[in-house]
Amino acid sequence: MQIVKLPKQNLDKFIKSLSKFGQIYAPIKKDANTSLFSKIEDSSQIDLGYNRTLLPPKKYLLPPIDSMFRFSAEAGYEEVEHGVDEKSILFGVHSCDIHGLRILDLVFSGRYVDNHYFTGRKNTSIIGLSCIPDDMCFCRSMGTDFVENGFDLFLSDIDQSYLVRIATSLGDDMVRASQSLFKEVGKEEIEKHKKKSNEMQKHFKTDIELYNLPEIMDLEYESKTWEEIGEKCLSCGSCSMVCPTCYCYDVFDELSLDGKTGERKTRWDSCLFEDYALVAGGTNFRSERSARVKNRYFHKHRGFVAQYGKPSCVGCGRCIQSCPAKINVVEVITKIRSDAYV
Amino acid sequence: MSKPKIGIFGMTGCAGEQIVILNCEDELMDILKLLDIRSFHTAMSKNDEKCSLDIAFVEGALVHPEEEISLKEIRKRSRLLIALGTCAVWGGVAAMKNEVSRQRLKDIVYGSPGRIFKSIPAQPLHSLVKVDFSISGCPIEKEQFLQAVASLVHGDIPVLPKYAVCTECKINENTCLLLEKSELCLGPITIAGCNARCANCGIPCSGCRGPVEEANIASEVEILEERGFTLRDIYNQLRTFAGPAEAIQTHLAKR
């Protein structure tokens, strides 16, 4: 992978030159407590030191509410145009969120390929950004604190400059389009980068032990812990909305007042919702909240591992931050592990 | 196919749902093309009081004994009865002090003139008659009403979201008023559909749409207590719009 250097004073010019490659979306500060990805016009808007955005970048590739097709009694159905040629750039994506997007890629490229998702994905370039973990980050435990692919460029902060990893030909084009802004990387910068990477490790305060977890979860399927969490959980859906790898959506029809036409739409769903497992005939095979909470953990840390070889949690800490009932994935996994060692 | 015959009625309430219907200005002509409105006292001077109806939309809570009689009559002549608005669905603000006797409430509010009229503890419609579908809200959301009408004329029972306001609030990327600002927010237990209207403006959810089906009141109360709110304040907020709701009543009975 080719590595170049971008002095920080050149960032603004670089962002300007990027607009040739598409609309730029980057983290901005909404208020003292909240950062979010948003359309930006210039680099001064970017919140370069953000820890996590409220919603992950999935909101652009799997919009909270989306249209599938329009239908009418007479004409059948017609697909909705989704702006297939609109190029966009997600700037400032942290390593965990790039892993999150890779997980969505895995899911939507499975047996039934979601072309709508991949149309958006192919038109979206990713520029990563290094970060400093806070006490809710546990990406190191999930192996997502470093990312090797799934981005076009990745910027690592080395104080006066960014070390820029070029991962794709598009990333190379972006650098070449403003070649004069970039400098060669010398030994000094490499040393600095190593030092910064080591420093980053020291910031981690939260760890989770994954060893043998799927088996432990199987053994603790009947654990009382699930009921205890079920009593606290509000089924409010916050954890699923903010999760970079929760991809469930519900399908519903919006009917027009002409009584003949309508639109089929998708909206984000959550396995914590009471009617998530409600089926025709009125049977709900996860009517208990504890069963739904358990399902969420089993899907992320047990089922996904069996199917894809890794958990579908990237350690971003969003669910910890947003749970009103203070249900904390790190504590839950630790508790289940301790239940197994009686 | 003949147009479905509709009645729009009000029990005790502010007529807010009827106003929302009348405020569907861009859609009123389409609605009239679809529906044969036979009774709508707030909007029409000629009303058919006897005909059978396909759908009755009823807003307001039951606060007067005569309303019980009139609601039973509406039920008898209607194929479907739909409760409109928080008062009809949950009892609403009129039910917030149901634990105090009506006589005492009348004395406090009206003094001696209160003796000349009757009043019963405010109840939602389903306490007296079968309600086929509910659209809550204070007032209802115009879009939910229009979607419900569209579904009903398609021959479907409408499907409205059953999840909590938090879900919509997160989708809108609002700073959490409960967790980040320690405000008394009922978003986690209040049914969505308003697109987190208040939280979008930085105002905590007051629960005006009533609780979600499986509201975890105990957990919500615990969260609010941890943030320093007194039980009195929390219970007052819970009772403001949906006092008679089973989840709230069950919780209050336990404490």
# chains A, B, ... in the order shown; residues from 1 in each chain; ligands from 1
call {"tool": "residues_around", "arguments": {"residues": "stretch 163-171 of chain A", "least_positions_apart": "4", "cutoff": "6 Å", "atoms": "only C-alpha atoms", "output": "MDAnalysis selection string"}}
result
chainID A and resid 2:5 152:156
call {"tool": "write_last_selection", "arguments": {"atoms": "N, CA, C and O atoms", "output": "PDB file, in the first residue's frame"}}
result
ATOM      1  N   GLN A   2       0.604   2.137  -0.903  1.00  0.00           N
ATOM      2  CA  GLN A   2       1.419   3.354  -0.976  1.00  0.00           C
ATOM      3  C   GLN A   2       1.016   4.320   0.145  1.00  0.00           C
ATOM      4  O   GLN A   2      -0.163   4.446   0.467  1.00  0.00           O
ATOM      5  N   ILE A   3       2.020   4.943   0.744  1.00  0.00           N
ATOM      6  CA  ILE A   3       1.733   5.887   1.829  1.00  0.00           C
ATOM      7  C   ILE A   3       2.355   7.242   1.491  1.00  0.00           C
ATOM      8  O   ILE A   3       3.523   7.318   1.084  1.00  0.00           O
ATOM      9  N   VAL A   4       1.580   8.297   1.630  1.00  0.00           N
ATOM     10  CA  VAL A   4       2.080   9.661   1.415  1.00  0.00           C
ATOM     11  C   VAL A   4       1.746  10.509   2.635  1.00  0.00           C
ATOM     12  O   VAL A   4       1.073  10.048   3.561  1.00  0.00           O
ATOM     13  N   LYS A   5       2.210  11.735   2.604  1.00  0.00           N
ATOM     14  CA  LYS A   5       1.984  12.618   3.754  1.00  0.00           C
ATOM     15  C   LYS A   5       1.170  13.838   3.309  1.00  0.00           C
ATOM     16  O   LYS A   5       1.431  14.402   2.253  1.00  0.00           O
ATOM     17  N   ASP A 152     -10.793   3.994   0.438  1.00  0.00           N
ATOM     18  CA  ASP A 152      -9.968   4.461  -0.680  1.00  0.00           C
ATOM     19  C   ASP A 152      -8.704   5.127  -0.169  1.00  0.00           C
ATOM     20  O   ASP A 152      -7.621   4.903  -0.686  1.00  0.00           O
ATOM     21  N   LEU A 153      -8.910   5.958   0.877  1.00  0.00           N
ATOM     22  CA  LEU A 153      -7.766   6.590   1.541  1.00  0.00           C
ATOM     23  C   LEU A 153      -7.988   6.461   3.044  1.00  0.00           C
ATOM     24  O   LEU A 153      -9.137   6.433   3.497  1.00  0.00           O
ATOM     25  N   PHE A 154      -6.904   6.413   3.793  1.00  0.00           N
ATOM     26  CA  PHE A 154      -7.058   6.434   5.249  1.00  0.00           C
ATOM     27  C   PHE A 154      -6.047   7.412   5.827  1.00  0.00           C
ATOM     28  O   PHE A 154      -4.846   7.312   5.571  1.00  0.00           O
ATOM     29  N   LEU A 155      -6.547   8.383   6.586  1.00  0.00           N
ATOM     30  CA  LEU A 155      -5.692   9.430   7.151  1.00  0.00           C
ATOM     31  C   LEU A 155      -5.385   9.126   8.619  1.00  0.00           C
ATOM     32  O   LEU A 155      -6.309   8.968   9.422  1.00  0.00           O
ATOM     33  N   SER A 156      -4.097   9.028   8.920  1.00  0.00           N
ATOM     34  CA  SER A 156      -3.702   8.840  10.320  1.00  0.00           C
ATOM     35  C   SER A 156      -3.032  10.110  10.813  1.00  0.00           C
ATOM     36  O   SER A 156      -2.096  10.615  10.196  1.00  0.00           O
TER      37      SER A 156
END
call {"tool": "residues_around", "arguments": {"residues": "stretch 63-72 of chain A", "least_positions_apart": "3", "cutoff": "10 Å", "atoms": "only C-alpha atoms", "output": "PyMOL selection string"}}
result
(chain A and resi 57-60+75-82+116-117+241+249-256+259-269) or (chain B and resi 168+171-172)
call {"tool": "write_last_selection", "arguments": {"atoms": "C-alpha atoms", "output": "PDB file, in the first residue's frame"}}
result
ATOM      1  CA  PRO A  57     -22.529   5.934   8.014  1.00  0.00           C
ATOM      2  CA  LYS A  58     -25.005   3.128   7.233  1.00  0.00           C
ATOM      3  CA  LYS A  59     -27.640   5.867   7.130  1.00  0.00           C
ATOM      4  CA  TYR A  60     -26.448   6.775   3.634  1.00  0.00           C
ATOM      5  CA  ALA A  75     -50.157  -0.742 -14.253  1.00  0.00           C
ATOM      6  CA  GLY A  76     -48.460  -3.194 -11.899  1.00  0.00           C
ATOM      7  CA  TYR A  77     -45.320  -1.785 -10.382  1.00  0.00           C
ATOM      8  CA  GLU A  78     -42.483   0.525 -11.348  1.00  0.00           C
ATOM      9  CA  GLU A  79     -39.156   0.820  -9.608  1.00  0.00           C
ATOM     10  CA  VAL A  80     -38.192   4.046  -7.943  1.00  0.00           C
ATOM     11  CA  GLU A  81     -35.145   5.842  -9.349  1.00  0.00           C
ATOM     12  CA  HIS A  82     -32.513   6.230  -6.682  1.00  0.00           C
ATOM     13  CA  HIS A 116     -29.949  -1.273  -4.489  1.00  0.00           C
ATOM     14  CA  TYR A 117     -27.470  -1.317  -1.598  1.00  0.00           C
ATOM     15  CA  MET A 241     -30.854   2.356  15.223  1.00  0.00           C
ATOM     16  CA  TYR A 249     -35.668  -3.479   7.908  1.00  0.00           C
ATOM     17  CA  ASP A 250     -39.416  -3.772   7.794  1.00  0.00           C
ATOM     18  CA  VAL A 251     -41.420  -3.526   4.581  1.00  0.00           C
ATOM     19  CA  PHE A 252     -44.660  -1.602   4.487  1.00  0.00           C
ATOM     20  CA  ASP A 253     -47.066  -0.090   1.980  1.00  0.00           C
ATOM     21  CA  GLU A 254     -48.003   3.548   1.877  1.00  0.00           C
ATOM     22  CA  LEU A 255     -51.335   3.767   0.112  1.00  0.00           C
ATOM     23  CA  SER A 256     -52.656   6.752  -1.792  1.00  0.00           C
ATOM     24  CA  GLY A 259     -57.699   3.918  -3.468  1.00  0.00           C
ATOM     25  CA  LYS A 260     -55.701   2.423  -6.366  1.00  0.00           C
ATOM     26  CA  THR A 261     -52.005   3.259  -6.054  1.00  0.00           C
ATOM     27  CA  GLY A 262     -49.331   3.173  -3.441  1.00  0.00           C
ATOM     28  CA  GLU A 263     -45.664   2.850  -2.660  1.00  0.00           C
ATOM     29  CA  ARG A 264     -43.805  -0.011  -1.023  1.00  0.00           C
ATOM     30  CA  LYS A 265     -41.210   1.231   1.416  1.00  0.00           C
ATOM     31  CA  THR A 266     -38.634  -0.050   3.862  1.00  0.00           C
ATOM     32  CA  ARG A 267     -37.854   1.288   7.307  1.00  0.00           C
ATOM     33  CA  TRP A 268     -35.302   0.265   9.918  1.00  0.00           C
ATOM     34  CA  ASP A 269     -36.555  -2.480  12.165  1.00  0.00           C
TER      35      ASP A 269
ATOM     36  CA  GLU B 168     -37.707   8.114  15.563  1.00  0.00           C
ATOM     37  CA  ILE B 171     -33.205   8.347  13.313  1.00  0.00           C
ATOM     38  CA  ASN B 172     -33.435  12.144  13.477  1.00  0.00           C
TER      39      ASN B 172
END
call {"tool": "atom_distance", "arguments": {"atom1": "atom CA of B:Cys87", "atom2": "atom CA of B:Asn23"}}
result
19.4 Å
call {"tool": "closest_residue", "arguments": {"among": "B:Leu184, B:Leu81, B:Ala253, B:Val149", "to": "B:Ile21", "atoms": "only C-alpha atoms"}}
result
B:Val149
call {"tool": "residues_around", "arguments": {"residues": "A:Ile24", "least_positions_apart": "2", "cutoff": "6 Å", "atoms": "only C-alpha atoms", "output": "ChimeraX atom specification"}}
result
/A:39-40,88-89
call {"tool": "residues_around", "arguments": {"residues": "A:Val305", "least_positions_apart": "5", "cutoff": "12 Å", "atoms": "only C-alpha atoms", "output": "ChimeraX atom specification"}}
result
/A:103,210,212-215,217,297-300,310-313
call {"tool": "closest_atom_pairs", "arguments": {"of": "chain A", "to": "chain B", "cutoff": "10 Å", "atoms": "only C-alpha atoms", "output": "JSON lines"}}
result
{"residue": "A:Lys30", "atom": "CA", "partner": "B:Thr175", "partner_atom": "CA", "distance": 8.3}
{"residue": "A:Asp31", "atom": "CA", "partner": "B:Thr175", "partner_atom": "CA", "distance": 7.9}
{"residue": "A:Ala32", "atom": "CA", "partner": "B:Thr175", "partner_atom": "CA", "distance": 9.2}
{"residue": "A:Asn33", "atom": "CA", "partner": "B:Thr175", "partner_atom": "CA", "distance": 6.8}
{"residue": "A:Thr34", "atom": "CA", "partner": "B:Thr175", "partner_atom": "CA", "distance": 5.9}
{"residue": "A:Ser35", "atom": "CA", "partner": "B:Glu173", "partner_atom": "CA", "distance": 8.9}
{"residue": "A:Leu36", "atom": "CA", "partner": "B:Glu173", "partner_atom": "CA", "distance": 7.3}
{"residue": "A:Phe37", "atom": "CA", "partner": "B:Glu173", "partner_atom": "CA", "distance": 9.7}
{"residue": "A:Thr53", "atom": "CA", "partner": "B:Glu173", "partner_atom": "CA", "distance": 9.0}
{"residue": "A:Leu54", "atom": "CA", "partner": "B:Glu173", "partner_atom": "CA", "distance": 6.0}
{"residue": "A:Leu55", "atom": "CA", "partner": "B:Glu173", "partner_atom": "CA", "distance": 6.7}
{"residue": "A:Lys59", "atom": "CA", "partner": "B:Ile171", "partner_atom": "CA", "distance": 8.7}
{"residue": "A:Pro63", "atom": "CA", "partner": "B:Ile171", "partner_atom": "CA", "distance": 9.5}
{"residue": "A:Pro64", "atom": "CA", "partner": "B:Ile171", "partner_atom": "CA", "distance": 6.7}
{"residue": "A:Ile65", "atom": "CA", "partner": "B:Ile171", "partner_atom": "CA", "distance": 9.4}
{"residue": "A:Gly230", "atom": "CA", "partner": "B:Asn216", "partner_atom": "CA", "distance": 9.8}
{"residue": "A:Glu231", "atom": "CA", "partner": "B:Ser219", "partner_atom": "CA", "distance": 7.3}
{"residue": "A:Lys232", "atom": "CA", "partner": "B:Ser219", "partner_atom": "CA", "distance": 5.4}
{"residue": "A:Cys233", "atom": "CA", "partner": "B:Ser219", "partner_atom": "CA", "distance": 7.3}
{"residue": "A:Leu234", "atom": "CA", "partner": "B:Asn216", "partner_atom": "CA", "distance": 5.5}
{"residue": "A:Ser235", "atom": "CA", "partner": "B:Pro188", "partner_atom": "CA", "distance": 7.7}
{"residue": "A:Cys236", "atom": "CA", "partner": "B:Pro188", "partner_atom": "CA", "distance": 5.1}
{"residue": "A:Gly237", "atom": "CA", "partner": "B:Thr167", "partner_atom": "CA", "distance": 5.4}
{"residue": "A:Ser238", "atom": "CA", "partner": "B:Thr167", "partner_atom": "CA", "distance": 5.7}
{"residue": "A:Cys239", "atom": "CA", "partner": "B:Thr167", "partner_atom": "CA", "distance": 9.1}
{"residue": "A:Ser240", "atom": "CA", "partner": "B:Thr167", "partner_atom": "CA", "distance": 8.7}
{"residue": "A:Met241", "atom": "CA", "partner": "B:Lys170", "partner_atom": "CA", "distance": 6.5}
{"residue": "A:Val242", "atom": "CA", "partner": "B:Lys170", "partner_atom": "CA", "distance": 7.1}
{"residue": "A:Phe252", "atom": "CA", "partner": "B:Val159", "partner_atom": "CA", "distance": 8.1}
{"residue": "A:Asp253", "atom": "CA", "partner": "B:Val159", "partner_atom": "CA", "distance": 8.8}
{"residue": "A:Glu254", "atom": "CA", "partner": "B:Gln147", "partner_atom": "CA", "distance": 6.9}
{"residue": "A:Leu255", "atom": "CA", "partner": "B:Ala150", "partner_atom": "CA", "distance": 5.7}
{"residue": "A:Ser256", "atom": "CA", "partner": "B:Ala150", "partner_atom": "CA", "distance": 6.0}
{"residue": "A:Leu257", "atom": "CA", "partner": "B:Ala150", "partner_atom": "CA", "distance": 5.1}
{"residue": "A:Asp258", "atom": "CA", "partner": "B:Asp30", "partner_atom": "CA", "distance": 7.0}
{"residue": "A:Gly259", "atom": "CA", "partner": "B:His154", "partner_atom": "CA", "distance": 5.8}
{"residue": "A:Lys260", "atom": "CA", "partner": "B:His154", "partner_atom": "CA", "distance": 7.7}
{"residue": "A:Thr261", "atom": "CA", "partner": "B:His154", "partner_atom": "CA", "distance": 9.7}
{"residue": "A:Gly262", "atom": "CA", "partner": "B:Ala150", "partner_atom": "CA", "distance": 9.4}
{"residue": "A:Trp268", "atom": "CA", "partner": "B:Ile171", "partner_atom": "CA", "distance": 9.0}
{"residue": "A:Asp269", "atom": "CA", "partner": "B:Tyr163", "partner_atom": "CA", "distance": 9.2}
{"residue": "A:Ser270", "atom": "CA", "partner": "B:Tyr163", "partner_atom": "CA", "distance": 9.1}
{"residue": "A:Leu272", "atom": "CA", "partner": "B:Tyr163", "partner_atom": "CA", "distance": 9.3}
{"residue": "A:Phe273", "atom": "CA", "partner": "B:Tyr163", "partner_atom": "CA", "distance": 6.3}
{"residue": "A:Glu274", "atom": "CA", "partner": "B:Glu214", "partner_atom": "CA", "distance": 7.1}
{"residue": "A:Asp275", "atom": "CA", "partner": "B:Lys162", "partner_atom": "CA", "distance": 7.6}
{"residue": "A:Tyr276", "atom": "CA", "partner": "B:Tyr163", "partner_atom": "CA", "distance": 10.0}
{"residue": "A:Ser287", "atom": "CA", "partner": "B:Glu214", "partner_atom": "CA", "distance": 9.7}
{"residue": "A:Glu288", "atom": "CA", "partner": "B:Glu214", "partner_atom": "CA", "distance": 9.7}
{"residue": "A:Arg289", "atom": "CA", "partner": "B:Glu214", "partner_atom": "CA", "distance": 8.9}
{"residue": "A:Gln321", "atom": "CA", "partner": "B:Leu179", "partner_atom": "CA", "distance": 8.5}
{"residue": "A:Ser322", "atom": "CA", "partner": "B:Leu179", "partner_atom": "CA", "distance": 7.6}
{"residue": "A:Cys323", "atom": "CA", "partner": "B:Leu179", "partner_atom": "CA", "distance": 8.4}
{"residue": "A:Pro324", "atom": "CA", "partner": "B:Leu179", "partner_atom": "CA", "distance": 6.5}
{"residue": "A:Ala325", "atom": "CA", "partner": "B:Ile223", "partner_atom": "CA", "distance": 6.5}
{"residue": "A:Lys326", "atom": "CA", "partner": "B:Ile223", "partner_atom": "CA", "distance": 8.8}
call {"tool": "select_by_dssp", "arguments": {"residues": "stretch 119-186 of chain B", "states": "helix (DSSP H, G or I)", "output": "PyMOL selection string"}}
result
chain B and resi 125-127+142-153+165-171
call {"tool": "write_last_selection", "arguments": {"atoms": "C-alpha atoms", "output": "JSON list (two decimals), in the first residue's frame"}}
result
[["chain", "number", "residue", "atom", "x", "y", "z"],
["B", 125, "LEU", "CA", -63.67, 4.34, 24.58],
["B", 126, "HIS", "CA", -62.51, 0.73, 24.87],
["B", 127, "SER", "CA", -63.60, 0.67, 28.51],
["B", 142, "LYS", "CA", -52.48, 14.09, 9.91],
["B", 143, "GLU", "CA", -50.35, 11.56, 7.98],
["B", 144, "GLN", "CA", -51.45, 8.70, 10.22],
["B", 145, "PHE", "CA", -55.09, 9.61, 9.74],
["B", 146, "LEU", "CA", -54.70, 9.81, 5.95],
["B", 147, "GLN", "CA", -52.78, 6.52, 5.86],
["B", 148, "ALA", "CA", -55.48, 4.90, 7.95],
["B", 149, "VAL", "CA", -58.23, 6.18, 5.64],
["B", 150, "ALA", "CA", -56.30, 4.97, 2.58],
["B", 151, "SER", "CA", -55.79, 1.52, 4.12],
["B", 152, "LEU", "CA", -59.42, 1.23, 5.17],
["B", 153, "VAL", "CA", -60.73, 2.03, 1.71],
["B", 165, "VAL", "CA", -40.50, 7.63, 20.12],
["B", 166, "CYS", "CA", -36.79, 6.89, 20.83],
["B", 167, "THR", "CA", -36.57, 5.07, 17.52],
["B", 168, "GLU", "CA", -37.71, 8.11, 15.56],
["B", 169, "CYS", "CA", -35.62, 10.41, 17.75],
["B", 170, "LYS", "CA", -32.46, 8.39, 17.03],
["B", 171, "ILE", "CA", -33.21, 8.35, 13.31]]
call {"tool": "atom_distance", "arguments": {"atom1": "atom CA of B:Ala56", "atom2": "atom CA of B:Gly7"}}
result
4.7 Å
